[in-house]
file structure_28.cif (mmCIF, C-alpha atoms)
data_start
#
loop_
_atom_site.label_atom_id
_atom_site.label_comp_id
_atom_site.auth_asym_id
_atom_site.auth_seq_id
_atom_site.Cartn_x
_atom_site.Cartn_y
_atom_site.Cartn_z
CA MET A 22 -50.19 -10.23 37.82
CA GLU A 23 -53.80 -11.28 38.17
CA ARG A 24 -54.92 -13.67 40.92
CA SER A 25 -58.23 -15.38 41.65
CA MET A 26 -59.04 -17.44 44.73
CA SER A 27 -61.45 -20.38 45.10
CA SER A 28 -61.68 -22.76 48.06
CA GLY A 29 -62.97 -26.14 49.09
CA ILE A 30 -61.85 -29.11 51.23
CA ARG A 31 -62.54 -32.65 50.14
CA GLY A 32 -62.98 -35.33 52.89
CA SER A 33 -65.43 -37.52 54.85
CA ASP A 34 -66.63 -34.68 57.04
CA LEU A 35 -65.58 -31.34 55.60
CA THR A 36 -68.18 -29.11 57.21
CA HIS A 37 -65.95 -28.56 60.20
CA TRP A 38 -62.83 -27.46 58.25
CA ASP A 39 -61.58 -23.93 58.23
CA VAL A 40 -59.31 -23.15 55.25
CA SER A 41 -57.14 -20.13 54.91
CA GLN A 42 -54.76 -19.24 52.10
CA GLU A 43 -51.83 -16.88 52.54
CA ALA A 44 -50.24 -15.39 49.47
CA SER A 45 -48.04 -12.46 48.60
CA GLY A 46 -48.28 -10.12 51.48
CA GLY A 47 -50.72 -12.04 53.73
CA SER A 48 -53.98 -11.83 51.85
CA LEU A 49 -56.26 -14.38 53.60
CA LEU A 50 -59.35 -16.27 52.43
CA LYS A 51 -61.38 -18.40 54.87
CA PRO A 52 -63.96 -20.41 52.98
CA ARG A 53 -66.43 -22.61 54.92
CA GLY A 54 -68.15 -25.89 54.12
CA ARG A 55 -67.35 -28.61 51.61
CA ALA A 56 -64.68 -27.01 49.53
CA CYS A 57 -61.17 -27.09 48.18
CA ALA A 58 -58.83 -24.08 48.10
CA SER A 59 -56.94 -22.91 44.99
CA LEU A 60 -54.90 -19.86 43.96
CA GLU A 61 -54.69 -18.98 40.26
CA ILE A 62 -52.02 -16.63 38.94
CA ARG A 63 -53.13 -15.73 35.45
CA LYS A 64 -50.26 -13.51 34.29
CA PRO A 65 -47.21 -14.26 36.43
CA CYS A 66 -44.43 -11.71 36.69
CA SER A 67 -40.96 -11.98 38.18
CA PHE A 68 -42.06 -10.38 41.46
CA ASP A 69 -44.63 -13.20 42.02
CA GLY A 70 -41.81 -15.52 43.06
CA GLY A 71 -41.85 -16.73 46.70
CA VAL A 72 -43.36 -19.31 49.10
CA TYR A 73 -47.15 -19.85 49.04
CA THR A 74 -48.82 -21.54 52.17
CA CYS A 75 -52.26 -23.14 52.49
CA ARG A 76 -53.52 -23.84 56.09
CA ALA A 77 -56.43 -26.19 57.01
CA LYS A 78 -57.87 -26.71 60.52
CA ASN A 79 -60.84 -28.33 62.39
CA ALA A 80 -61.55 -29.57 65.87
CA GLN A 81 -58.98 -32.32 65.54
CA GLY A 82 -56.12 -30.07 64.63
CA GLU A 83 -54.44 -27.98 61.95
CA ALA A 84 -52.28 -28.67 58.90
CA THR A 85 -50.41 -26.53 56.38
CA VAL A 86 -48.90 -27.09 52.98
CA SER A 87 -46.45 -24.81 51.11
CA CYS A 88 -45.43 -24.32 47.50
CA LYS A 89 -42.38 -22.39 46.32
CA LEU A 90 -42.55 -20.27 43.16
CA GLU A 91 -39.19 -19.54 41.51
CA VAL A 92 -38.14 -17.80 38.29
CA ARG A 93 -36.27 -20.22 36.04
CA PRO A 94 -35.68 -20.64 32.29
CA SER A 95 -38.31 -23.36 31.91
CA GLU A 96 -41.92 -23.60 32.91
CA VAL A 97 -42.92 -26.26 35.45
CA HIS A 98 -46.49 -26.50 36.78
CA PRO A 99 -46.86 -26.75 40.59
CA MET A 100 -48.78 -29.61 42.20
CA THR A 101 -49.82 -29.77 45.88
CA THR A 102 -51.54 -32.78 47.51
CA LEU A 103 -53.60 -32.57 50.74
CA LEU A 104 -54.52 -35.77 52.65
CA PRO A 105 -58.21 -36.15 53.61
CA ARG A 106 -59.51 -35.74 57.18
CA GLY A 107 -59.18 -38.74 59.47
CA GLU A 108 -55.75 -39.65 58.21
CA ASP A 109 -52.47 -38.42 59.61
CA LEU A 110 -52.64 -34.67 59.18
CA SER A 111 -49.11 -34.47 57.91
CA MET A 112 -49.14 -32.95 54.42
CA ILE A 113 -47.52 -34.29 51.25
CA SER A 114 -46.17 -31.35 49.30
CA SER A 115 -44.05 -31.20 46.14
CA SER A 116 -41.85 -28.16 46.11
CA THR A 117 -42.25 -26.94 42.47
CA SER A 118 -40.82 -24.18 40.30
CA LEU A 119 -42.58 -21.93 37.80
CA ALA A 120 -40.43 -20.00 35.28
CA VAL A 121 -41.66 -16.49 34.67
CA ILE A 122 -40.04 -15.16 31.45
CA ASP A 123 -39.94 -11.53 30.34
CA LEU A 124 -41.52 -10.95 26.96
CA PRO A 125 -38.83 -11.08 24.27
CA LYS A 126 -37.85 -8.08 22.16
CA PRO A 127 -37.86 -8.91 18.45
CA SER A 128 -34.88 -7.96 16.31
CA VAL A 129 -35.28 -6.24 12.94
CA LYS A 130 -32.65 -6.52 10.21
CA GLN A 131 -32.23 -5.04 6.75
CA GLN A 132 -31.80 -7.76 4.14
CA THR A 133 -31.03 -5.31 1.36
CA GLN A 134 -27.98 -3.08 1.60
CA TRP A 135 -29.36 0.47 1.63
CA LEU A 136 -31.91 2.40 3.67
CA ASP A 137 -31.75 5.53 1.52
CA VAL A 138 -33.42 4.40 -1.67
CA PHE A 139 -35.13 5.68 -4.79
CA PRO A 140 -38.51 5.10 -6.43
CA SER A 141 -38.83 1.46 -7.59
CA GLU A 142 -35.74 0.33 -5.62
CA LYS A 143 -36.63 -2.70 -3.49
CA VAL A 144 -36.12 -2.75 0.30
CA GLU A 145 -36.41 -5.92 2.39
CA LEU A 146 -36.57 -6.04 6.21
CA SER A 147 -36.81 -9.12 8.45
CA CYS A 148 -38.10 -9.62 11.99
CA GLU A 149 -37.49 -12.50 14.38
CA VAL A 150 -37.60 -13.54 18.03
CA GLN A 151 -34.23 -15.12 18.62
CA GLY A 152 -34.41 -18.89 19.03
CA SER A 153 -38.20 -19.18 18.70
CA SER A 154 -40.64 -19.88 15.88
CA ASP A 155 -43.74 -19.34 18.09
CA TRP A 156 -44.40 -15.80 16.86
CA THR A 157 -46.09 -13.95 14.06
CA PHE A 158 -45.26 -10.33 13.34
CA THR A 159 -46.82 -7.03 12.43
CA TRP A 160 -44.96 -4.02 11.02
CA HIS A 161 -45.42 -0.35 11.87
CA ARG A 162 -44.23 2.84 10.22
CA ASP A 163 -44.19 5.94 12.42
CA GLY A 164 -46.62 4.21 14.80
CA GLN A 165 -49.11 3.10 12.12
CA GLN A 166 -49.57 -0.58 11.26
CA ILE A 167 -48.52 -1.47 7.72
CA ASN A 168 -50.77 -3.53 5.48
CA ALA A 169 -49.93 -5.05 2.11
CA ASP A 170 -50.59 -2.85 -0.92
CA SER A 171 -49.23 -2.40 -4.43
CA ALA A 172 -45.81 -1.39 -3.05
CA VAL A 173 -45.73 -3.57 0.09
CA SER A 174 -45.74 -7.34 0.53
CA LEU A 175 -45.53 -9.41 3.71
CA ALA A 176 -44.34 -12.98 4.23
CA PRO A 177 -47.12 -15.33 5.52
CA GLU A 178 -46.25 -14.84 9.22
CA GLY A 179 -44.97 -11.28 8.74
CA SER A 180 -41.32 -12.15 9.23
CA ILE A 181 -40.31 -10.43 5.95
CA LEU A 182 -41.45 -6.98 4.84
CA THR A 183 -40.72 -6.07 1.21
CA ILE A 184 -41.21 -2.52 -0.03
CA THR A 185 -40.85 -1.24 -3.59
CA PRO A 186 -41.63 2.40 -2.91
CA GLY A 187 -43.20 4.58 -5.54
CA SER A 188 -42.91 7.83 -3.61
CA GLN A 189 -41.59 9.46 -0.46
CA ILE A 190 -44.68 8.46 1.58
CA TYR A 191 -42.83 5.22 2.40
CA SER A 192 -40.12 7.12 4.25
CA GLY A 193 -40.21 6.76 8.04
CA ASN A 194 -39.20 4.75 11.11
CA TYR A 195 -40.02 1.03 10.80
CA VAL A 196 -40.49 -1.38 13.76
CA CYS A 197 -41.95 -4.86 14.13
CA ARG A 198 -43.93 -6.51 16.97
CA GLY A 199 -44.28 -10.19 17.82
CA HIS A 200 -47.60 -11.91 18.61
CA HIS A 201 -47.47 -15.38 20.21
CA LYS A 202 -49.21 -18.07 18.18
CA ALA A 203 -50.66 -19.88 21.26
CA LYS A 204 -50.96 -17.10 23.86
CA SER A 205 -52.55 -13.70 23.93
CA VAL A 206 -49.29 -11.86 24.42
CA THR A 207 -47.53 -9.22 22.31
CA THR A 208 -43.89 -8.21 22.52
CA GLU A 209 -42.56 -4.71 22.80
CA ASP A 210 -41.46 -2.98 19.61
CA SER A 211 -38.15 -3.85 18.00
CA ASP A 212 -35.50 -1.19 17.56
CA SER A 213 -36.37 1.03 14.61
CA LEU A 214 -34.82 1.31 11.17
CA THR A 215 -35.20 4.60 9.31
CA LEU A 216 -36.03 4.38 5.61
CA GLN A 217 -35.46 7.41 3.39
CA VAL A 218 -37.06 7.39 -0.05
CA HIS A 219 -35.74 10.05 -2.43
CA ALA A 220 -38.18 11.90 -4.66
CA ASN A 221 -36.65 10.88 -8.00
CA LYS A 222 -34.19 8.49 -9.57
CA PRO A 223 -30.69 10.02 -9.56
CA LYS A 224 -29.10 11.24 -12.78
CA PRO A 225 -25.34 10.65 -13.03
CA THR A 226 -22.91 13.39 -13.98
CA ILE A 227 -20.54 12.60 -16.85
CA ILE A 228 -17.23 14.46 -17.07
CA GLN A 229 -14.86 14.43 -20.02
CA THR A 230 -11.49 14.68 -18.32
CA SER A 231 -9.66 16.03 -21.36
CA GLY A 232 -12.03 18.99 -21.38
CA VAL A 233 -12.37 19.06 -25.18
CA ASP A 234 -14.52 17.07 -27.58
CA LYS A 235 -11.94 16.89 -30.36
CA MET A 236 -8.92 14.65 -29.95
CA PHE A 237 -6.10 13.53 -32.19
CA VAL A 238 -5.05 9.97 -32.85
CA GLY A 239 -2.82 8.67 -30.08
CA GLU A 240 -4.03 11.08 -27.44
CA PRO A 241 -5.34 9.66 -24.16
CA ALA A 242 -9.02 10.34 -23.53
CA SER A 243 -11.24 9.47 -20.57
CA PHE A 244 -14.69 10.03 -19.08
CA ALA A 245 -15.78 9.91 -15.43
CA CYS A 246 -19.30 9.10 -14.20
CA ARG A 247 -20.59 10.01 -10.72
CA VAL A 248 -23.79 9.76 -8.64
CA ASP A 249 -23.54 12.16 -5.71
CA VAL A 250 -26.30 10.65 -3.51
CA SER A 251 -26.13 7.41 -1.53
CA SER A 252 -23.44 4.79 -2.22
CA GLY A 253 -22.62 1.40 -3.72
CA TRP A 254 -22.86 2.41 -7.36
CA GLU A 255 -21.43 0.56 -10.35
CA TYR A 256 -21.20 2.51 -13.59
CA LEU A 257 -22.27 1.28 -17.03
CA TRP A 258 -20.82 2.94 -20.14
CA TYR A 259 -22.54 3.24 -23.51
CA LYS A 260 -21.14 4.29 -26.89
CA ASP A 261 -23.64 5.07 -29.62
CA GLY A 262 -26.34 3.35 -27.53
CA VAL A 263 -24.44 0.07 -26.99
CA GLU A 264 -23.12 -0.96 -23.56
CA VAL A 265 -19.34 -1.19 -23.80
CA GLN A 266 -17.94 -1.36 -20.27
CA THR A 267 -18.66 -1.47 -16.52
CA ALA A 268 -16.18 0.70 -14.59
CA ASP A 269 -15.95 3.93 -12.62
CA ASN A 270 -14.13 5.61 -15.52
CA TYR A 271 -13.99 4.98 -19.25
CA ILE A 272 -10.34 5.28 -20.33
CA MET A 273 -8.74 5.29 -23.79
CA LYS A 274 -4.97 5.26 -23.37
CA SER A 275 -4.37 5.92 -27.05
CA SER A 276 -7.41 7.05 -28.97
CA SER A 277 -8.14 6.18 -32.58
CA PRO A 278 -10.75 7.33 -35.12
CA SER A 279 -12.92 4.30 -34.18
CA ASP A 280 -13.31 5.83 -30.69
CA SER A 281 -15.32 8.71 -32.14
CA GLY A 282 -18.98 8.65 -31.05
CA GLN A 283 -21.66 9.56 -28.52
CA TYR A 284 -20.91 8.54 -24.92
CA TRP A 285 -23.17 8.38 -21.85
CA CYS A 286 -23.38 6.45 -18.59
CA ARG A 287 -25.82 5.20 -15.98
CA ALA A 288 -25.34 3.61 -12.55
CA LYS A 289 -26.69 0.44 -10.93
CA ARG A 290 -26.57 -1.23 -7.53
CA GLY A 291 -28.00 -4.19 -5.65
CA LYS A 292 -28.74 -7.78 -6.65
CA THR A 293 -31.93 -7.02 -8.56
CA PRO A 294 -30.44 -4.47 -9.73
CA PHE A 295 -31.74 -0.88 -9.50
CA THR A 296 -30.59 1.47 -12.29
CA THR A 297 -30.47 5.28 -12.45
CA GLU A 298 -31.48 7.63 -15.22
CA LYS A 299 -28.96 8.03 -18.06
CA SER A 300 -26.46 10.87 -17.95
CA GLU A 301 -26.11 13.65 -20.47
CA THR A 302 -24.40 12.64 -23.72
CA LYS A 303 -20.82 13.62 -24.57
CA THR A 304 -19.51 13.66 -28.13
CA LEU A 305 -15.95 12.57 -28.82
CA GLN A 306 -14.31 13.20 -32.20
CA VAL A 307 -10.92 11.59 -32.80
CA LEU A 308 -9.11 13.20 -35.71
CA ASP A 309 -6.14 12.01 -37.72
CA LEU A 310 -3.12 14.17 -37.07
CA PRO A 311 -2.79 16.80 -39.80
CA LYS A 312 0.14 16.89 -42.17
CA PRO A 313 1.74 20.31 -42.34
CA SER A 314 2.51 21.84 -45.71
CA VAL A 315 5.87 23.44 -46.52
CA LYS A 316 6.23 26.15 -49.16
CA GLN A 317 9.14 28.05 -50.63
CA GLN A 318 8.62 31.78 -50.32
CA THR A 319 11.67 32.59 -52.46
CA GLN A 320 11.81 31.41 -56.04
CA TRP A 321 14.80 29.08 -56.15
CA LEU A 322 16.02 26.05 -54.26
CA ASP A 323 19.42 25.94 -55.97
CA VAL A 324 21.19 28.92 -54.52
CA PHE A 325 24.60 30.38 -54.04
CA PRO A 326 26.54 31.58 -51.00
CA SER A 327 24.82 34.62 -49.41
CA GLU A 328 21.65 34.13 -51.48
CA LYS A 329 18.64 34.16 -49.14
CA VAL A 330 16.15 31.27 -49.03
CA GLU A 331 12.81 31.49 -47.23
CA LEU A 332 10.54 28.51 -46.44
CA SER A 333 7.14 28.51 -44.66
CA CYS A 334 5.19 25.80 -42.77
CA GLU A 335 1.49 25.67 -41.82
CA VAL A 336 -1.37 23.39 -40.80
CA GLN A 337 -4.21 24.28 -43.09
CA GLY A 338 -7.01 26.16 -41.32
CA SER A 339 -5.49 26.08 -37.84
CA SER A 340 -3.33 28.43 -35.80
CA ASP A 341 -2.97 25.94 -32.89
CA TRP A 342 0.50 24.77 -33.91
CA THR A 343 4.12 25.71 -33.54
CA PHE A 344 6.77 24.25 -35.85
CA THR A 345 10.24 22.80 -35.88
CA TRP A 346 12.46 22.39 -38.95
CA HIS A 347 14.67 19.45 -39.84
CA ARG A 348 17.41 19.02 -42.44
CA ASP A 349 18.25 15.45 -43.32
CA GLY A 350 16.59 14.29 -40.08
CA GLN A 351 18.41 16.75 -37.80
CA GLN A 352 16.55 19.58 -36.08
CA ILE A 353 17.62 23.03 -37.19
CA ASN A 354 18.40 25.74 -34.65
CA ALA A 355 18.99 29.40 -35.32
CA ASP A 356 22.58 30.44 -36.06
CA SER A 357 24.40 33.14 -38.00
CA ALA A 358 22.96 31.90 -41.27
CA VAL A 359 19.55 30.71 -40.03
CA SER A 360 16.64 32.59 -38.44
CA LEU A 361 13.22 31.32 -37.30
CA ALA A 362 9.95 33.21 -36.88
CA PRO A 363 8.62 33.18 -33.24
CA GLU A 364 6.41 30.08 -33.72
CA GLY A 365 8.68 28.50 -36.32
CA SER A 366 6.36 29.09 -39.24
CA ILE A 367 9.11 30.80 -41.35
CA LEU A 368 12.64 29.50 -41.86
CA THR A 369 15.13 31.93 -43.42
CA ILE A 370 18.56 30.75 -44.57
CA THR A 371 21.40 32.87 -45.94
CA PRO A 372 23.85 30.09 -46.58
CA GLY A 373 27.56 30.69 -46.44
CA SER A 374 28.52 27.26 -47.67
CA GLN A 375 27.27 24.00 -49.04
CA ILE A 376 26.63 22.59 -45.52
CA TYR A 377 23.14 24.06 -45.76
CA SER A 378 22.28 21.82 -48.68
CA GLY A 379 19.84 19.02 -47.88
CA ASN A 380 16.22 17.85 -47.58
CA TYR A 381 14.12 20.21 -45.46
CA VAL A 382 10.87 19.25 -43.66
CA CYS A 383 8.78 20.80 -40.90
CA ARG A 384 6.73 19.24 -38.04
CA GLY A 385 3.78 20.71 -36.16
CA HIS A 386 3.48 20.66 -32.34
CA HIS A 387 0.07 21.47 -30.84
CA LYS A 388 0.07 24.41 -28.46
CA ALA A 389 -2.38 22.83 -25.98
CA LYS A 390 -1.86 19.09 -26.48
CA SER A 391 1.11 16.76 -26.35
CA VAL A 392 0.80 15.74 -29.99
CA THR A 393 3.13 16.13 -32.96
CA THR A 394 2.23 15.86 -36.61
CA GLU A 395 3.96 13.73 -39.15
CA ASP A 396 6.61 15.39 -41.26
CA SER A 397 5.67 17.63 -44.15
CA ASP A 398 6.73 16.78 -47.65
CA SER A 399 10.37 17.69 -48.18
CA LEU A 400 12.02 20.45 -50.16
CA THR A 401 15.58 19.92 -51.38
CA LEU A 402 17.91 22.88 -51.11
CA GLN A 403 21.11 22.92 -53.16
CA VAL A 404 23.76 25.44 -52.18
CA HIS A 405 26.49 25.89 -54.82
CA ALA A 406 30.07 26.24 -53.73
CA ASN A 407 30.65 29.64 -55.33
CA LYS A 408 28.85 32.47 -56.93
CA PRO A 409 28.33 31.85 -60.67
CA LYS A 410 30.26 33.76 -63.33
CA PRO A 411 28.27 34.70 -66.45
CA THR A 412 29.56 33.98 -69.91
CA ILE A 413 29.52 36.89 -72.41
CA ILE A 414 29.39 36.19 -76.13
CA GLN A 415 29.90 38.70 -78.96
CA THR A 416 27.53 37.58 -81.66
CA SER A 417 29.41 39.27 -84.54
CA GLY A 418 32.43 37.20 -83.73
CA VAL A 419 34.89 40.10 -84.06
CA ASP A 420 35.92 42.79 -81.65
CA LYS A 421 36.47 45.52 -84.31
CA MET A 422 33.56 46.97 -86.16
CA PHE A 423 33.03 49.82 -88.63
CA VAL A 424 30.63 52.65 -88.16
CA GLY A 425 27.16 51.60 -89.13
CA GLU A 426 27.76 47.90 -88.62
CA PRO A 427 25.36 46.03 -86.23
CA ALA A 428 26.93 44.52 -83.10
CA SER A 429 25.55 42.48 -80.17
CA PHE A 430 26.59 40.63 -77.04
CA THR A 431 24.91 37.77 -75.18
CA CYS A 432 25.25 37.11 -71.42
CA ARG A 433 24.54 33.67 -69.91
CA VAL A 434 24.64 31.97 -66.54
CA ASP A 435 24.51 28.24 -67.11
CA VAL A 436 23.43 27.18 -63.57
CA SER A 437 20.02 27.67 -62.06
CA SER A 438 17.48 29.99 -63.62
CA GLY A 439 15.65 33.25 -63.39
CA TRP A 440 18.58 35.45 -64.15
CA GLU A 441 18.34 39.07 -65.24
CA TYR A 442 21.43 40.49 -66.87
CA LEU A 443 22.96 43.87 -66.22
CA TRP A 444 25.25 45.46 -68.78
CA TRP A 445 28.07 47.92 -68.28
CA ASN A 446 29.89 49.97 -70.91
#
call {"tool": "encode", "arguments": {"input": "structure_28.cif", "output": "structure tokens"}}
result
Amino acid sequence: MERSMSSGIRGSDLTHWDVSQEASGGSLLKPRGRACASLEIRKPCSFDGGVYTCRAKNAQGEATVSCKLEVRPSEVHPMTTLLPRGEDLSMISSSTSLAVIDLPKPSVKQQTQWLDVFPSEKVELSCEVQGSSDWTFTWHRDGQQINADSAVSLAPEGSILTITPGSQIYSGNYVCRGHHKAKSVTTEDSDSLTLQVHANKPKPTIIQTSGVDKMFVGEPASFACRVDVSSGWEYLWYKDGVEVQTADNYIMKSSSPSDSGQYWCRAKRGKTPFTTEKSETKTLQVLDLPKPSVKQQTQWLDVFPSEKVELSCEVQGSSDWTFTWHRDGQQINADSAVSLAPEGSILTITPGSQIYSGNYVCRGHHKAKSVTTEDSDSLTLQVHANKPKPTIIQTSGVDKMFVGEPASFTCRVDVSSGWEYLWWN
């Protein structure tokens, strides 16, 4: 609080007045002569409240007048009236109140969502004195006042600070201060907000959840995209350079050859929005399921009881498959007449009856994936009911010959082929 005193008494004969003024602890001023007395409190504080008394006296007597100073929400100016000498020395006094208000503390708020940001990502802060528009504002970072520059803009009265940081130099603790438009007063600092500016734009990580870049038709395939710093990210997916989806993960429940391509992602956030760098690129190749090939390893497919038949199955150029065998649509299991190689690539049959006749196919099953090929082409096995009996023909037509005559026999099996004939005498 600052006080100044001046004095003077107005009246018809004021040279004989003594004036004293008591204020705040008994300080006393006794001016002489033609004068009036006044007390000025330039910067009132809450402890200035109390009763103030002015006393005037001369040879005819003495008079006092008092004013009460109180702290209230509104400001009321005191007024005290003193009657001139020669009148009744009773004093007319208005008991008045003066509100002494503590300086307000401005509040700072973030208008954008994040305080850990990246180069070129906009940040907006606001400052206000609650319930009053009588203030302008200045902003300070780590104790230094902030001025507008290429990365910083300020609203006309400083109520909004907008930063589009280009580097980490804009990191720090931000506060605002209020300055009254009509009075030479400044508020205390607001609470601080801490801004962290990262050195570089983040680069998302893309993960192919299947773990392989080659898939078969019908297989599920998916990619995940992640930014490990800050929060609030939405993920944009691109295939062959074209945006295809916005989602945390890119999922193909049943892939097809048209899903083959180059995949990458980037992240965005905010209303503007801010976007990250692009991720690495992942290549996905969706292949048609192969068709296995079946081959007969023995020469004939029309066979007789106890005659061995051997069939093989393979996927050309790949050892990633196991195989099952099917006869007329029914899966074949090993039994007394049937044996299977460990991965099913060879089927061996030594048929005992015609029940082994039928159309044989094989199917491939991938060792690492839950996929099955289509059926191979079929081979038809015919098992005859009995062993064949050759027919022997004597070409001379007679069974008695003379010495020196030529003689010959012919042996024939009329079913199947590939026979060699053995002769006994």
call {"tool": "atom_distance", "arguments": {"input": "structure_28.cif", "atom1": "CA of Asp323 in chain A", "atom2": "CA of Glu335 in chain A"}}
result
22.8 Å
call {"tool": "resolve_selection", "arguments": {"input": "structure_28.cif", "expression": "the PyMOL selection byres ((chain A and resi 428) around 10)", "output": "list in words"}}
result
Gln415, Thr416, Ser417, Gly418, Val419, Asp420, Lys421, Met422, Phe423, Gly425, Glu426, Pro427, Ser429 and Phe430 of chain A
call {"tool": "atom_distance", "arguments": {"input": "structure_28.cif", "atom1": "CA of Val315 in chain A", "atom2": "CA of Ser276 in chain A"}}
result
27.4 Å
call {"tool": "resolve_selection", "arguments": {"input": "structure_28.cif", "expression": "the PyMOL selection byres ((chain A and resi 144-155) around 8)", "output": "list in words"}}
result
Pro125, Lys126, Pro127, Ser128, Val129, Lys130, Gln131, Gln132, Thr133, Trp135, Leu136, Val138, Glu142, Lys143, Trp156, Thr157, Phe158, Gly179, Ser180, Ile181, Leu182, Thr183, Ile184, Thr185, Cys197, Gly199, His201, Lys202 and Ala203 of chain A
call {"tool": "atom_distance", "arguments": {"input": "structure_28.cif", "atom1": "CA of Gly282 in chain A", "atom2": "CA of Pro225 in chain A"}}
result
19.2 Å
call {"tool": "closest_residue", "arguments": {"input": "structure_28.cif", "among": "A:Lys408, A:His219, A:Lys292, A:Arg287", "to": "Gly193 in chain A", "atoms": "all atoms listed in the file"}}
result
A:His219
call {"tool": "resolve_selection", "arguments": {"input": "structure_28.cif", "expression": "the PyMOL selection byres ((chain A and resi 374) around 10)", "output": "list in words"}}
result
Phe325, Pro326, Ser327, Ala358, Thr371, Pro372, Gly373, Gln375, Ile376, Tyr377, Ser378, Val404, His405, Ala406 and Asn407 of chain A
call {"tool": "residues_around", "arguments": {"input": "structure_28.cif", "residues": "Tyr259 in chain A", "least_positions_apart": "6", "cutoff": "7 Å", "atoms": "all atoms listed in the file", "output": "number ranges by chain"}}
result
A: 265, 284-286
call {"tool": "residues_around", "arguments": {"input": "structure_28.cif", "residues": "Gly350 in chain A", "least_positions_apart": "4", "cutoff": "9 Å", "atoms": "all atoms listed in the file", "output": "mmCIF file with C-alpha atoms, in the frame of the given file"}}
result
data_model
loop_
_atom_site.group_PDB
_atom_site.id
_atom_site.type_symbol
_atom_site.label_atom_id
_atom_site.label_comp_id
_atom_site.auth_asym_id
_atom_site.auth_seq_id
_atom_site.Cartn_x
_atom_site.Cartn_y
_atom_site.Cartn_z
ATOM 1 C CA ASN A 380 16.220 17.850 -47.580
ATOM 2 C CA TYR A 381 14.120 20.210 -45.460
ATOM 3 C CA VAL A 382 10.870 19.250 -43.660
#
call {"tool": "closest_residue", "arguments": {"input": "structure_28.cif", "among": "A:Val324, A:Val392, A:Val196, A:Leu175", "to": "Glu240 in chain A", "atoms": "all atoms listed in the file"}}
result
A:Val392
call {"tool": "closest_residue", "arguments": {"input": "structure_28.cif", "among": "A:Ile190, A:Val330, A:Leu124, A:Asn270", "to": "Ser360 in chain A", "atoms": "all atoms listed in the file"}}
result
A:Val330
call {"tool": "residues_around", "arguments": {"input": "structure_28.cif", "residues": "Pro363 in chain A", "least_positions_apart": "4", "cutoff": "12 Å", "atoms": "all atoms listed in the file", "output": "PyMOL selection string"}}
result
chain A and resi 342-345+355+367-368
call {"tool": "residues_around", "arguments": {"input": "structure_28.cif", "residues": "His386 in chain A", "least_positions_apart": "2", "cutoff": "12 Å", "atoms": "all atoms listed in the file", "output": "VMD selection string"}}
result
chain A and resid 237 310 to 313 334 to 336 339 to 346 364 to 366 383 to 384 388 to 396
call {"tool": "write_last_selection", "arguments": {"input": "structure_28.cif", "atoms": "C-alpha atoms", "output": "mmCIF file, keeping the file's coordinate frame"}}
result
data_model
loop_
_atom_site.group_PDB
_atom_site.id
_atom_site.type_symbol
_atom_site.label_atom_id
_atom_site.label_comp_id
_atom_site.auth_asym_id
_atom_site.auth_seq_id
_atom_site.Cartn_x
_atom_site.Cartn_y
_atom_site.Cartn_z
ATOM 1 C CA PHE A 237 -6.100 13.530 -32.190
ATOM 2 C CA LEU A 310 -3.120 14.170 -37.070
ATOM 3 C CA PRO A 311 -2.790 16.800 -39.800
ATOM 4 C CA LYS A 312 0.140 16.890 -42.170
ATOM 5 C CA PRO A 313 1.740 20.310 -42.340
ATOM 6 C CA CYS A 334 5.190 25.800 -42.770
ATOM 7 C CA GLU A 335 1.490 25.670 -41.820
ATOM 8 C CA VAL A 336 -1.370 23.390 -40.800
ATOM 9 C CA SER A 339 -5.490 26.080 -37.840
ATOM 10 C CA SER A 340 -3.330 28.430 -35.800
ATOM 11 C CA ASP A 341 -2.970 25.940 -32.890
ATOM 12 C CA TRP A 342 0.500 24.770 -33.910
ATOM 13 C CA THR A 343 4.120 25.710 -33.540
ATOM 14 C CA PHE A 344 6.770 24.250 -35.850
ATOM 15 C CA THR A 345 10.240 22.800 -35.880
ATOM 16 C CA TRP A 346 12.460 22.390 -38.950
ATOM 17 C CA GLU A 364 6.410 30.080 -33.720
ATOM 18 C CA GLY A 365 8.680 28.500 -36.320
ATOM 19 C CA SER A 366 6.360 29.090 -39.240
ATOM 20 C CA CYS A 383 8.780 20.800 -40.900
ATOM 21 C CA ARG A 384 6.730 19.240 -38.040
ATOM 22 C CA LYS A 388 0.070 24.410 -28.460
ATOM 23 C CA ALA A 389 -2.380 22.830 -25.980
ATOM 24 C CA LYS A 390 -1.860 19.090 -26.480
ATOM 25 C CA SER A 391 1.110 16.760 -26.350
ATOM 26 C CA VAL A 392 0.800 15.740 -29.990
ATOM 27 C CA THR A 393 3.130 16.130 -32.960
ATOM 28 C CA THR A 394 2.230 15.860 -36.610
ATOM 29 C CA GLU A 395 3.960 13.730 -39.150
ATOM 30 C CA ASP A 396 6.610 15.390 -41.260
#
call {"tool": "residues_around", "arguments": {"input": "structure_28.cif", "residues": "Tyr195 in chain A", "least_positions_apart": "5", "cutoff": "8 Å", "atoms": "all atoms listed in the file", "output": "short mmCIF file (atom, residue, chain, number, x, y, z; two decimals) with C-alpha atoms, in the coordinates of the input"}}
result
data_model
loop_
_atom_site.label_atom_id
_atom_site.label_comp_id
_atom_site.auth_asym_id
_atom_site.auth_seq_id
_atom_site.Cartn_x
_atom_site.Cartn_y
_atom_site.Cartn_z
CA TRP A 160 -44.96 -4.02 11.02
CA HIS A 161 -45.42 -0.35 11.87
CA ARG A 162 -44.23 2.84 10.22
CA ASP A 163 -44.19 5.94 12.42
CA SER A 213 -36.37 1.03 14.61
CA LEU A 214 -34.82 1.31 11.17
CA THR A 215 -35.20 4.60 9.31
CA LEU A 216 -36.03 4.38 5.61
#
